[in-house]
file target.txt (compact mmCIF, N, CA and C atoms)
# COMPACT_ATOMS: atom_id res chain seq x y z
N MET E 1 -131.30 20.20 -59.82
CA MET E 1 -129.98 20.24 -60.43
C MET E 1 -129.09 21.22 -59.66
N THR E 2 -127.84 20.89 -59.61
CA THR E 2 -126.86 21.74 -58.94
C THR E 2 -126.37 22.81 -59.92
N PRO E 3 -126.55 24.08 -59.59
CA PRO E 3 -126.05 25.13 -60.50
C PRO E 3 -124.53 25.21 -60.46
N ARG E 4 -123.94 25.52 -61.61
CA ARG E 4 -122.49 25.69 -61.71
C ARG E 4 -122.06 27.08 -61.29
N VAL E 5 -122.99 28.03 -61.31
CA VAL E 5 -122.67 29.41 -60.95
C VAL E 5 -123.82 29.99 -60.12
N LEU E 6 -123.44 30.65 -59.02
CA LEU E 6 -124.39 31.30 -58.12
C LEU E 6 -124.02 32.78 -58.00
N ILE E 7 -124.87 33.52 -57.32
CA ILE E 7 -124.62 34.95 -57.15
C ILE E 7 -125.00 35.37 -55.74
N THR E 8 -124.25 36.29 -55.18
CA THR E 8 -124.57 36.81 -53.85
C THR E 8 -125.67 37.87 -53.98
N PRO E 9 -126.38 38.14 -52.89
CA PRO E 9 -127.42 39.19 -52.95
C PRO E 9 -126.86 40.56 -53.35
N GLU E 10 -125.66 40.89 -52.92
CA GLU E 10 -125.05 42.18 -53.27
C GLU E 10 -124.79 42.27 -54.77
N ALA E 11 -124.32 41.17 -55.35
CA ALA E 11 -124.08 41.16 -56.79
C ALA E 11 -125.40 41.22 -57.56
N ALA E 12 -126.41 40.54 -57.05
CA ALA E 12 -127.73 40.58 -57.70
C ALA E 12 -128.29 42.00 -57.71
N GLU E 13 -128.07 42.72 -56.65
CA GLU E 13 -128.52 44.12 -56.56
C GLU E 13 -127.82 44.98 -57.62
N LEU E 14 -126.53 44.79 -57.78
CA LEU E 14 -125.79 45.56 -58.79
C LEU E 14 -126.27 45.18 -60.20
N ILE E 15 -126.49 43.91 -60.44
CA ILE E 15 -126.98 43.49 -61.76
C ILE E 15 -128.33 44.13 -62.05
N ALA E 16 -129.22 44.17 -61.06
CA ALA E 16 -130.53 44.80 -61.27
C ALA E 16 -130.38 46.27 -61.66
N MET E 17 -129.47 46.97 -61.01
CA MET E 17 -129.23 48.38 -61.34
C MET E 17 -128.69 48.50 -62.77
N LEU E 18 -127.74 47.64 -63.12
CA LEU E 18 -127.16 47.68 -64.47
C LEU E 18 -128.20 47.32 -65.54
N GLN E 19 -129.05 46.35 -65.24
CA GLN E 19 -130.10 45.98 -66.20
C GLN E 19 -131.07 47.13 -66.41
N SER E 20 -131.34 47.90 -65.36
CA SER E 20 -132.25 49.04 -65.51
C SER E 20 -131.66 50.12 -66.42
N LYS E 21 -130.34 50.20 -66.46
CA LYS E 21 -129.68 51.20 -67.30
C LYS E 21 -129.37 50.68 -68.71
N PHE E 22 -128.97 49.40 -68.80
CA PHE E 22 -128.45 48.87 -70.06
C PHE E 22 -129.31 47.80 -70.72
N GLY E 23 -130.29 47.26 -70.01
CA GLY E 23 -131.10 46.18 -70.58
C GLY E 23 -130.44 44.83 -70.34
N ALA E 24 -130.63 43.92 -71.28
CA ALA E 24 -130.12 42.55 -71.14
C ALA E 24 -128.59 42.54 -71.06
N LEU E 25 -128.08 41.71 -70.15
CA LEU E 25 -126.64 41.62 -69.91
C LEU E 25 -126.15 40.19 -70.10
N MET E 26 -124.85 40.04 -70.18
CA MET E 26 -124.19 38.74 -70.23
C MET E 26 -122.88 38.83 -69.47
N PHE E 27 -122.36 37.69 -69.02
CA PHE E 27 -121.07 37.62 -68.34
C PHE E 27 -120.14 36.70 -69.10
N HIS E 28 -118.86 37.04 -69.03
CA HIS E 28 -117.81 36.14 -69.54
C HIS E 28 -116.68 36.16 -68.51
N GLN E 29 -116.30 34.98 -68.06
CA GLN E 29 -115.22 34.87 -67.08
C GLN E 29 -113.89 35.13 -67.78
N SER E 30 -113.24 36.21 -67.40
CA SER E 30 -111.95 36.56 -68.00
C SER E 30 -110.93 35.47 -67.71
N GLY E 31 -110.09 35.22 -68.67
CA GLY E 31 -109.09 34.16 -68.52
C GLY E 31 -107.73 34.63 -68.10
N GLY E 32 -107.59 35.83 -67.60
CA GLY E 32 -106.30 36.24 -67.08
C GLY E 32 -105.83 37.61 -67.51
N CYS E 33 -106.27 38.10 -68.65
CA CYS E 33 -105.88 39.46 -69.01
C CYS E 33 -106.86 40.41 -68.36
N CYS E 34 -106.61 41.67 -68.43
CA CYS E 34 -107.54 42.68 -67.92
C CYS E 34 -107.99 42.38 -66.50
N ASP E 35 -107.09 42.48 -65.57
CA ASP E 35 -107.44 42.38 -64.16
C ASP E 35 -107.58 40.94 -63.68
N GLY E 36 -106.72 40.07 -64.14
CA GLY E 36 -106.73 38.70 -63.64
C GLY E 36 -107.85 37.88 -64.22
N SER E 37 -108.57 37.20 -63.36
CA SER E 37 -109.66 36.35 -63.83
C SER E 37 -110.99 36.86 -63.30
N GLN E 38 -111.26 38.09 -63.58
CA GLN E 38 -112.48 38.77 -63.15
C GLN E 38 -113.65 38.38 -64.05
N PRO E 39 -114.85 38.18 -63.47
CA PRO E 39 -116.02 38.01 -64.33
C PRO E 39 -116.38 39.36 -64.95
N MET E 40 -116.52 39.38 -66.24
CA MET E 40 -116.77 40.64 -66.93
C MET E 40 -118.22 40.68 -67.41
N CYS E 41 -118.87 41.81 -67.17
CA CYS E 41 -120.27 42.01 -67.51
C CYS E 41 -120.37 42.94 -68.71
N PHE E 42 -121.19 42.54 -69.68
CA PHE E 42 -121.37 43.32 -70.91
C PHE E 42 -122.86 43.41 -71.23
N GLU E 43 -123.21 44.39 -72.04
CA GLU E 43 -124.53 44.36 -72.63
C GLU E 43 -124.60 43.11 -73.49
N LYS E 44 -125.73 42.43 -73.44
CA LYS E 44 -125.85 41.17 -74.18
C LYS E 44 -125.51 41.39 -75.65
N GLY E 45 -124.57 40.59 -76.14
CA GLY E 45 -124.14 40.68 -77.53
C GLY E 45 -122.91 41.55 -77.74
N ASP E 46 -122.49 42.33 -76.73
CA ASP E 46 -121.32 43.19 -76.89
C ASP E 46 -120.00 42.44 -76.77
N PHE E 47 -120.03 41.23 -76.26
CA PHE E 47 -118.82 40.41 -76.20
C PHE E 47 -118.99 39.31 -77.23
N LYS E 48 -118.03 39.21 -78.13
CA LYS E 48 -118.13 38.22 -79.21
C LYS E 48 -117.71 36.85 -78.66
N LEU E 49 -118.67 35.95 -78.60
CA LEU E 49 -118.39 34.59 -78.14
C LEU E 49 -117.68 33.82 -79.23
N GLY E 50 -116.79 32.94 -78.81
CA GLY E 50 -116.06 32.10 -79.75
C GLY E 50 -116.64 30.69 -79.78
N GLN E 51 -116.20 29.92 -80.75
CA GLN E 51 -116.68 28.55 -80.89
C GLN E 51 -116.35 27.68 -79.69
N SER E 52 -115.35 28.09 -78.91
CA SER E 52 -114.94 27.26 -77.77
C SER E 52 -115.51 27.77 -76.45
N ASP E 53 -116.47 28.70 -76.48
CA ASP E 53 -117.06 29.20 -75.24
C ASP E 53 -118.20 28.29 -74.80
N VAL E 54 -118.32 28.11 -73.48
CA VAL E 54 -119.39 27.32 -72.90
C VAL E 54 -120.17 28.17 -71.91
N CYS E 55 -121.47 27.94 -71.85
CA CYS E 55 -122.34 28.65 -70.92
C CYS E 55 -122.55 27.75 -69.70
N LEU E 56 -122.14 28.25 -68.54
CA LEU E 56 -122.26 27.49 -67.31
C LEU E 56 -123.65 27.58 -66.71
N GLY E 57 -124.42 28.57 -67.09
CA GLY E 57 -125.76 28.78 -66.55
C GLY E 57 -126.12 30.24 -66.62
N THR E 58 -127.11 30.63 -65.84
CA THR E 58 -127.53 32.03 -65.80
C THR E 58 -127.56 32.53 -64.36
N ILE E 59 -127.28 33.82 -64.22
CA ILE E 59 -127.42 34.50 -62.93
C ILE E 59 -128.26 35.73 -63.18
N GLU E 60 -129.35 35.86 -62.45
CA GLU E 60 -130.27 36.99 -62.61
C GLU E 60 -130.66 37.20 -64.07
N GLY E 61 -130.86 36.11 -64.80
CA GLY E 61 -131.27 36.19 -66.20
C GLY E 61 -130.15 36.45 -67.17
N CYS E 62 -128.90 36.50 -66.70
CA CYS E 62 -127.74 36.78 -67.55
C CYS E 62 -126.96 35.48 -67.79
N GLU E 63 -126.71 35.16 -69.05
CA GLU E 63 -125.88 33.99 -69.35
C GLU E 63 -124.47 34.22 -68.82
N PHE E 64 -123.85 33.15 -68.31
CA PHE E 64 -122.49 33.22 -67.77
C PHE E 64 -121.61 32.28 -68.59
N TRP E 65 -120.69 32.87 -69.36
CA TRP E 65 -119.85 32.15 -70.31
C TRP E 65 -118.40 32.07 -69.84
N MET E 66 -117.70 31.08 -70.37
CA MET E 66 -116.28 30.88 -70.08
C MET E 66 -115.68 30.10 -71.25
N SER E 67 -114.40 30.30 -71.51
CA SER E 67 -113.78 29.53 -72.59
C SER E 67 -113.66 28.07 -72.17
N LYS E 68 -113.77 27.19 -73.13
CA LYS E 68 -113.70 25.75 -72.86
C LYS E 68 -112.37 25.37 -72.21
N ASP E 69 -111.28 25.97 -72.66
CA ASP E 69 -109.96 25.69 -72.08
C ASP E 69 -109.92 26.07 -70.60
N GLN E 70 -110.46 27.23 -70.27
CA GLN E 70 -110.47 27.66 -68.88
C GLN E 70 -111.40 26.78 -68.05
N PHE E 71 -112.51 26.36 -68.65
CA PHE E 71 -113.45 25.50 -67.95
C PHE E 71 -112.78 24.19 -67.51
N GLU E 72 -111.82 23.72 -68.28
CA GLU E 72 -111.11 22.49 -67.90
C GLU E 72 -110.51 22.62 -66.50
N TYR E 73 -110.07 23.81 -66.13
CA TYR E 73 -109.49 24.04 -64.80
C TYR E 73 -110.57 24.24 -63.72
N TRP E 74 -111.71 24.79 -64.10
CA TRP E 74 -112.74 25.19 -63.14
C TRP E 74 -113.89 24.19 -63.06
N GLN E 75 -113.87 23.13 -63.84
CA GLN E 75 -115.03 22.25 -63.96
C GLN E 75 -115.45 21.56 -62.66
N HIS E 76 -114.57 21.46 -61.70
CA HIS E 76 -114.88 20.79 -60.43
C HIS E 76 -115.32 21.77 -59.35
N THR E 77 -115.54 23.02 -59.74
CA THR E 77 -115.90 24.04 -58.75
C THR E 77 -117.19 24.75 -59.12
N GLN E 78 -117.88 25.17 -58.08
CA GLN E 78 -119.04 26.03 -58.25
C GLN E 78 -118.55 27.46 -58.11
N LEU E 79 -118.93 28.31 -59.05
CA LEU E 79 -118.52 29.71 -59.01
C LEU E 79 -119.58 30.52 -58.27
N ILE E 80 -119.12 31.41 -57.42
CA ILE E 80 -120.01 32.31 -56.69
C ILE E 80 -119.60 33.73 -57.08
N ILE E 81 -120.50 34.44 -57.73
CA ILE E 81 -120.20 35.78 -58.20
C ILE E 81 -120.60 36.78 -57.12
N HIS E 82 -119.63 37.56 -56.71
CA HIS E 82 -119.78 38.54 -55.65
C HIS E 82 -119.42 39.90 -56.23
N VAL E 83 -119.62 40.94 -55.46
CA VAL E 83 -119.24 42.29 -55.88
C VAL E 83 -118.47 42.93 -54.73
N MET E 84 -117.53 43.79 -55.08
CA MET E 84 -116.77 44.51 -54.05
C MET E 84 -116.58 45.95 -54.50
N GLU E 85 -116.29 46.80 -53.54
CA GLU E 85 -116.00 48.21 -53.84
C GLU E 85 -114.62 48.29 -54.50
N GLY E 86 -114.46 49.24 -55.38
CA GLY E 86 -113.17 49.46 -56.02
C GLY E 86 -113.25 49.25 -57.51
N ARG E 87 -112.44 49.98 -58.20
CA ARG E 87 -112.42 49.91 -59.66
C ARG E 87 -111.44 48.83 -60.11
N GLY E 88 -111.92 47.97 -60.96
CA GLY E 88 -111.04 47.02 -61.62
C GLY E 88 -110.47 47.68 -62.86
N SER E 89 -109.64 46.96 -63.57
CA SER E 89 -109.06 47.54 -64.79
C SER E 89 -109.52 46.77 -66.02
N SER E 90 -110.81 46.47 -66.06
CA SER E 90 -111.34 45.71 -67.19
C SER E 90 -112.33 46.56 -67.97
N PHE E 91 -112.98 45.93 -68.93
CA PHE E 91 -113.97 46.60 -69.76
C PHE E 91 -115.39 46.31 -69.27
N SER E 92 -115.51 45.71 -68.12
CA SER E 92 -116.81 45.35 -67.55
C SER E 92 -117.61 46.61 -67.23
N ILE E 93 -118.93 46.57 -67.46
CA ILE E 93 -119.73 47.80 -67.39
C ILE E 93 -119.96 48.33 -65.98
N GLU E 94 -119.65 47.57 -64.94
CA GLU E 94 -119.85 48.09 -63.59
C GLU E 94 -118.69 48.97 -63.13
N ILE E 95 -117.58 48.95 -63.80
CA ILE E 95 -116.36 49.66 -63.38
C ILE E 95 -116.59 51.15 -63.13
N PRO E 96 -117.31 51.88 -64.01
CA PRO E 96 -117.51 53.32 -63.75
C PRO E 96 -118.31 53.62 -62.47
N TYR E 97 -118.96 52.62 -61.92
CA TYR E 97 -119.76 52.82 -60.71
C TYR E 97 -118.96 52.54 -59.43
N GLY E 98 -117.65 52.33 -59.58
CA GLY E 98 -116.79 52.12 -58.42
C GLY E 98 -116.94 50.75 -57.78
N LYS E 99 -117.40 49.79 -58.57
CA LYS E 99 -117.57 48.43 -58.09
C LYS E 99 -116.96 47.47 -59.10
N ARG E 100 -116.75 46.24 -58.64
CA ARG E 100 -116.26 45.21 -59.55
C ARG E 100 -116.77 43.86 -59.12
N PHE E 101 -117.09 43.04 -60.10
CA PHE E 101 -117.51 41.68 -59.80
C PHE E 101 -116.27 40.85 -59.47
N LEU E 102 -116.47 39.82 -58.67
CA LEU E 102 -115.39 38.96 -58.20
C LEU E 102 -115.90 37.53 -58.20
N THR E 103 -115.08 36.60 -58.67
CA THR E 103 -115.45 35.19 -58.64
C THR E 103 -114.79 34.51 -57.46
N GLN E 104 -115.61 33.87 -56.65
CA GLN E 104 -115.13 32.99 -55.60
C GLN E 104 -115.54 31.59 -56.03
N SER E 105 -114.91 30.57 -55.49
CA SER E 105 -115.28 29.22 -55.89
C SER E 105 -115.14 28.25 -54.73
N ARG E 106 -115.82 27.13 -54.90
CA ARG E 106 -115.70 26.04 -53.94
C ARG E 106 -115.82 24.73 -54.71
N MET E 107 -115.21 23.69 -54.21
CA MET E 107 -115.26 22.38 -54.86
C MET E 107 -116.66 21.78 -54.69
N PHE E 108 -117.14 21.12 -55.73
CA PHE E 108 -118.38 20.37 -55.63
C PHE E 108 -118.17 19.14 -54.76
N VAL E 109 -119.20 18.75 -54.04
CA VAL E 109 -119.17 17.45 -53.35
C VAL E 109 -119.74 16.41 -54.31
N LEU E 110 -119.48 15.15 -54.04
CA LEU E 110 -119.85 14.07 -54.95
C LEU E 110 -121.32 14.10 -55.35
N GLU E 111 -122.21 14.32 -54.40
CA GLU E 111 -123.64 14.34 -54.71
C GLU E 111 -123.98 15.46 -55.71
N GLU E 112 -123.28 16.58 -55.61
CA GLU E 112 -123.53 17.68 -56.53
C GLU E 112 -123.02 17.36 -57.93
N VAL E 113 -121.86 16.72 -58.01
CA VAL E 113 -121.27 16.37 -59.31
C VAL E 113 -122.22 15.47 -60.10
N GLU E 114 -122.91 14.61 -59.40
CA GLU E 114 -123.83 13.68 -60.06
C GLU E 114 -125.10 14.35 -60.56
N ASP E 115 -125.32 15.61 -60.19
CA ASP E 115 -126.55 16.31 -60.53
C ASP E 115 -126.30 17.71 -61.08
N LEU E 116 -125.20 17.91 -61.80
CA LEU E 116 -124.84 19.24 -62.30
C LEU E 116 -125.72 19.69 -63.45
N GLU E 117 -125.97 21.00 -63.49
CA GLU E 117 -126.65 21.60 -64.63
C GLU E 117 -125.83 21.30 -65.89
N PRO E 118 -126.48 20.99 -67.00
CA PRO E 118 -125.72 20.73 -68.23
C PRO E 118 -125.10 22.01 -68.78
N LEU E 119 -124.01 21.86 -69.47
CA LEU E 119 -123.36 22.99 -70.15
C LEU E 119 -124.08 23.26 -71.46
N ARG E 120 -124.00 24.49 -71.91
CA ARG E 120 -124.44 24.84 -73.26
C ARG E 120 -123.23 25.35 -74.02
N PHE E 121 -123.15 25.05 -75.28
CA PHE E 121 -122.04 25.51 -76.10
C PHE E 121 -122.52 26.60 -77.04
N HIS E 122 -121.59 27.48 -77.42
CA HIS E 122 -121.92 28.56 -78.35
C HIS E 122 -122.49 27.93 -79.61
N ASN E 123 -123.55 28.51 -80.13
CA ASN E 123 -124.28 28.07 -81.33
C ASN E 123 -125.14 26.84 -81.08
N ASP E 124 -125.39 26.48 -79.81
CA ASP E 124 -126.34 25.38 -79.52
C ASP E 124 -127.75 25.89 -79.69
call {"tool": "encode", "arguments": {"input": "target.txt", "output": "C-alpha cells"}}
result
Amino acid sequence: MTPRVLITPEAAELIAMLQSKFGALMFHQSGGCCDGSQPMCFEKGDFKLGQSDVCLGTIEGCEFWMSKDQFEYWQHTQLIIHVMEGRGSSFSIEIPYGKRFLTQSRMFVLEEVEDLEPLRFHND
C-alpha cells in the first residue's frame, strides 16, 4: 500500500528524542493558524480530535491527523514530514528545542492512487 504520509530520517530522529521524554505522541496538521500549515506534535491525547478529523496513517508509531475539510485539498498528495532548525510559533512540543516540523508534499502518480492506505476517522 502507498502511505499517505512519510517522514525524513532527521524528523524520525527528533521524534525518537521527543518520545523518550514525553512517551506516546500524535500529530495534527495545522490548518493555517499558529504558524501557517505546520504539522503539530503533541503528547498523545493532548490535542482534542473532532468528529471531522481523519487519520492519514502513522509515522514512527505516531498517528497523523488532519481535518476532513483540509484533507479535501491535500488528498491527491503524499505528505513528507521533515524538520528544520528554528522556532515556529505553534504549540507543538518540539518548539522549545529550537526545531520545527515542516510538511512537504508531492502529487501521487496514478499507480499510487490505486493503492493508497485507507483513511481512519475519529471514533473508528
call {"tool": "atom_distance", "arguments": {"input": "target.txt", "atom1": "CA of Pro96 (chain E)", "atom2": "CA of Ser52 (chain E)"}}
result
29.7 Å
call {"tool": "residues_near_point", "arguments": {"input": "target.txt", "point": "(-123.2, 25.9, -67.7)", "cutoff": "6.5 Å", "atoms": "all atoms listed in the file", "output": "PyMOL selection string"}}
result
chain E and resi 4+54-58+117-120
call {"tool": "select_by_dssp", "arguments": {"input": "target.txt", "residues": "chain E", "states": "helix (DSSP H, G or I)", "output": "VMD selection string"}}
result
chain E and resid 9 to 22 68 to 74 95 to 97 110 to 113
call {"tool": "select_by_dssp", "arguments": {"input": "target.txt", "residues": "chain E", "states": "strand (DSSP E or B)", "output": "PyMOL selection string"}}
result
chain E and resi 2+5-7+25-29+32+36+39-43+53-59+62-67+77-85+99-107+116+120-121
call {"tool": "closest_residue", "arguments": {"input": "target.txt", "among": "E:Gln38, E:Gln70, E:Gln51, E:Asn123", "to": "Arg100 (chain E)", "atoms": "only N, CA and C atoms"}}
result
E:Gln38
call {"tool": "residues_around", "arguments": {"input": "target.txt", "residues": "Ile59 (chain E)", "least_positions_apart": "5", "cutoff": "7 Å", "atoms": "all atoms listed in the file", "output": "PyMOL selection string"}}
result
chain E and resi 5-7+64
call {"tool": "atom_distance", "arguments": {"input": "target.txt", "atom1": "CA of Lys21 (chain E)", "atom2": "CA of His122 (chain E)"}}
result
26.4 Å
call {"tool": "closest_residue", "arguments": {"input": "target.txt", "among": "E:Leu116, E:Val109, E:Ile93, E:Phe121", "to": "Pro3 (chain E)", "atoms": "all atoms listed in the file"}}
result
E:Leu116
call {"tool": "residues_around", "arguments": {"input": "target.txt", "residues": "Ser92 (chain E)", "least_positions_apart": "4", "cutoff": "8 Å", "atoms": "only N, CA and C atoms", "output": "list in words"}}
result
Pro39, Met40, Cys41, Phe42, Glu43, Gly88, Pro96, Arg100 and Phe101 of chain E
call {"tool": "atom_distance", "arguments": {"input": "target.txt", "atom1": "atom N of Ser20 (chain E)", "atom2": "CA of Thr103 (chain E)"}}
result
21.4 Å
call {"tool": "closest_residue", "arguments": {"input": "target.txt", "among": "E:Phe22, E:His28, E:Gln75, E:Leu102", "to": "Arg87 (chain E)", "atoms": "only C-alpha atoms"}}
result
E:Leu102
call {"tool": "closest_residue", "arguments": {"input": "target.txt", "among": "E:Ile95, E:Lys48, E:Asp53, E:Ala24", "to": "Glu72 (chain E)", "atoms": "only C-alpha atoms"}}
result
E:Asp53
call {"tool": "closest_residue", "arguments": {"input": "target.txt", "among": "E:Leu25, E:Ile81, E:Arg106, E:Asp115", "to": "Ala12 (chain E)", "atoms": "only N, CA and C atoms"}}
result
E:Ile81
call {"tool": "closest_residue", "arguments": {"input": "target.txt", "among": "E:Gly98, E:Gly45, E:Gly31, E:Gly86", "to": "Lys68 (chain E)", "atoms": "only C-alpha atoms"}}
result
E:Gly31
call {"tool": "residues_near_point", "arguments": {"input": "target.txt", "point": "(-113.7, 35.1, -74.8)", "cutoff": "6.5 Å", "atoms": "all atoms listed in the file", "output": "PyMOL selection string"}}
result
chain E and resi 48-50+66-67
call {"tool": "write_last_selection", "arguments": {"input": "target.txt", "atoms": "N, CA and C atoms", "output": "short mmCIF file (atom, residue, chain, number, x, y, z; two decimals), keeping the file's coordinate frame"}}
result
data_model
loop_
_atom_site.label_atom_id
_atom_site.label_comp_id
_atom_site.auth_asym_id
_atom_site.auth_seq_id
_atom_site.Cartn_x
_atom_site.Cartn_y
_atom_site.Cartn_z
N LYS E 48 -118.03 39.21 -78.13
CA LYS E 48 -118.13 38.22 -79.21
C LYS E 48 -117.71 36.85 -78.66
N LEU E 49 -118.67 35.95 -78.60
CA LEU E 49 -118.39 34.59 -78.14
C LEU E 49 -117.68 33.82 -79.23
N GLY E 50 -116.79 32.94 -78.81
CA GLY E 50 -116.06 32.10 -79.75
C GLY E 50 -116.64 30.69 -79.78
N MET E 66 -117.70 31.08 -70.37
CA MET E 66 -116.28 30.88 -70.08
C MET E 66 -115.68 30.10 -71.25
N SER E 67 -114.40 30.30 -71.51
CA SER E 67 -113.78 29.53 -72.59
C SER E 67 -113.66 28.07 -72.17
#
call {"tool": "residues_around", "arguments": {"input": "target.txt", "residues": "Phe108 (chain E)", "least_positions_apart": "3", "cutoff": "8 Å", "atoms": "all atoms listed in the file", "output": "JSON, numbers by chain"}}
result
{"E": [75, 76, 77, 78, 105, 111, 112, 113]}
call {"tool": "decode", "arguments": {"input": "target.txt", "residues": "region 55-73 of chain E", "atoms": "N, CA, C and O atoms", "output": "JSON list (two decimals), in the first residue's frame"}}
result
[["chain", "number", "residue", "atom", "x", "y", "z"],
["E", 55, "CYS", "N", -7.41, 10.28, 10.08],
["E", 55, "CYS", "CA", -6.03, 9.83, 10.30],
["E", 55, "CYS", "C", -5.48, 9.34, 8.97],
["E", 55, "CYS", "O", -6.02, 8.41, 8.36],
["E", 56, "LEU", "N", -4.40, 9.97, 8.52],
["E", 56, "LEU", "CA", -3.80, 9.62, 7.24],
["E", 56, "LEU", "C", -2.88, 8.42, 7.36],
["E", 56, "LEU", "O", -2.53, 7.79, 6.36],
["E", 57, "GLY", "N", -2.43, 8.10, 8.55],
["E", 57, "GLY", "CA", -1.51, 7.00, 8.77],
["E", 57, "GLY", "C", -0.68, 7.26, 10.01],
["E", 57, "GLY", "O", -1.04, 8.11, 10.84],
["E", 58, "THR", "N", 0.43, 6.56, 10.12],
["E", 58, "THR", "CA", 1.32, 6.75, 11.26],
["E", 58, "THR", "C", 2.75, 6.99, 10.77],
["E", 58, "THR", "O", 3.14, 6.50, 9.72],
["E", 59, "ILE", "N", 3.47, 7.78, 11.55],
["E", 59, "ILE", "CA", 4.89, 8.00, 11.33],
["E", 59, "ILE", "C", 5.59, 7.72, 12.64],
["E", 59, "ILE", "O", 5.23, 8.29, 13.68],
["E", 60, "GLU", "N", 6.55, 6.82, 12.61],
["E", 60, "GLU", "CA", 7.29, 6.43, 13.82],
["E", 60, "GLU", "C", 6.35, 6.08, 14.98],
["E", 60, "GLU", "O", 6.59, 6.44, 16.12],
["E", 61, "GLY", "N", 5.25, 5.41, 14.66],
["E", 61, "GLY", "CA", 4.29, 5.00, 15.68],
["E", 61, "GLY", "C", 3.33, 6.08, 16.14],
["E", 61, "GLY", "O", 2.53, 5.85, 17.03],
["E", 62, "CYS", "N", 3.38, 7.26, 15.52],
["E", 62, "CYS", "CA", 2.53, 8.39, 15.89],
["E", 62, "CYS", "C", 1.42, 8.56, 14.84],
["E", 62, "CYS", "O", 1.71, 8.67, 13.65],
["E", 63, "GLU", "N", 0.17, 8.59, 15.29],
["E", 63, "GLU", "CA", -0.92, 8.86, 14.36],
["E", 63, "GLU", "C", -0.78, 10.27, 13.80],
["E", 63, "GLU", "O", -0.39, 11.19, 14.51],
["E", 64, "PHE", "N", -1.13, 10.42, 12.51],
["E", 64, "PHE", "CA", -1.04, 11.72, 11.84],
["E", 64, "PHE", "C", -2.45, 12.09, 11.38],
["E", 64, "PHE", "O", -3.01, 11.46, 10.49],
["E", 65, "TRP", "N", -3.01, 13.13, 12.00],
["E", 65, "TRP", "CA", -4.39, 13.55, 11.79],
["E", 65, "TRP", "C", -4.47, 14.87, 11.02],
["E", 65, "TRP", "O", -3.54, 15.68, 11.07],
["E", 66, "MET", "N", -5.62, 15.08, 10.40],
["E", 66, "MET", "CA", -5.90, 16.31, 9.66],
["E", 66, "MET", "C", -7.42, 16.47, 9.62],
["E", 66, "MET", "O", -8.15, 15.48, 9.62],
["E", 67, "SER", "N", -7.88, 17.71, 9.54],
["E", 67, "SER", "CA", -9.33, 17.91, 9.44],
["E", 67, "SER", "C", -9.81, 17.44, 8.06],
["E", 67, "SER", "O", -9.08, 17.52, 7.07],
["E", 68, "LYS", "N", -11.01, 16.93, 8.02],
["E", 68, "LYS", "CA", -11.59, 16.42, 6.77],
["E", 68, "LYS", "C", -11.65, 17.52, 5.70],
["E", 68, "LYS", "O", -11.36, 17.27, 4.53],
["E", 69, "ASP", "N", -12.00, 18.74, 6.10],
["E", 69, "ASP", "CA", -12.06, 19.85, 5.15],
["E", 69, "ASP", "C", -10.70, 20.12, 4.53],
["E", 69, "ASP", "O", -10.58, 20.34, 3.33],
["E", 70, "GLN", "N", -9.66, 20.12, 5.35],
["E", 70, "GLN", "CA", -8.31, 20.36, 4.84],
["E", 70, "GLN", "C", -7.86, 19.19, 3.96],
["E", 70, "GLN", "O", -7.20, 19.38, 2.94],
["E", 71, "PHE", "N", -8.25, 17.98, 4.34],
["E", 71, "PHE", "CA", -7.88, 16.81, 3.55],
["E", 71, "PHE", "C", -8.42, 16.91, 2.12],
["E", 71, "PHE", "O", -7.79, 16.42, 1.18],
["E", 72, "GLU", "N", -9.55, 17.56, 1.95],
["E", 72, "GLU", "CA", -10.11, 17.73, 0.60],
["E", 72, "GLU", "C", -9.10, 18.40, -0.32],
["E", 72, "GLU", "O", -9.04, 18.10, -1.51],
["E", 73, "TYR", "N", -8.29, 19.31, 0.20],
["E", 73, "TYR", "CA", -7.28, 20.00, -0.60],
["E", 73, "TYR", "C", -6.01, 19.16, -0.78],
["E", 73, "TYR", "O", -5.30, 19.31, -1.76]]
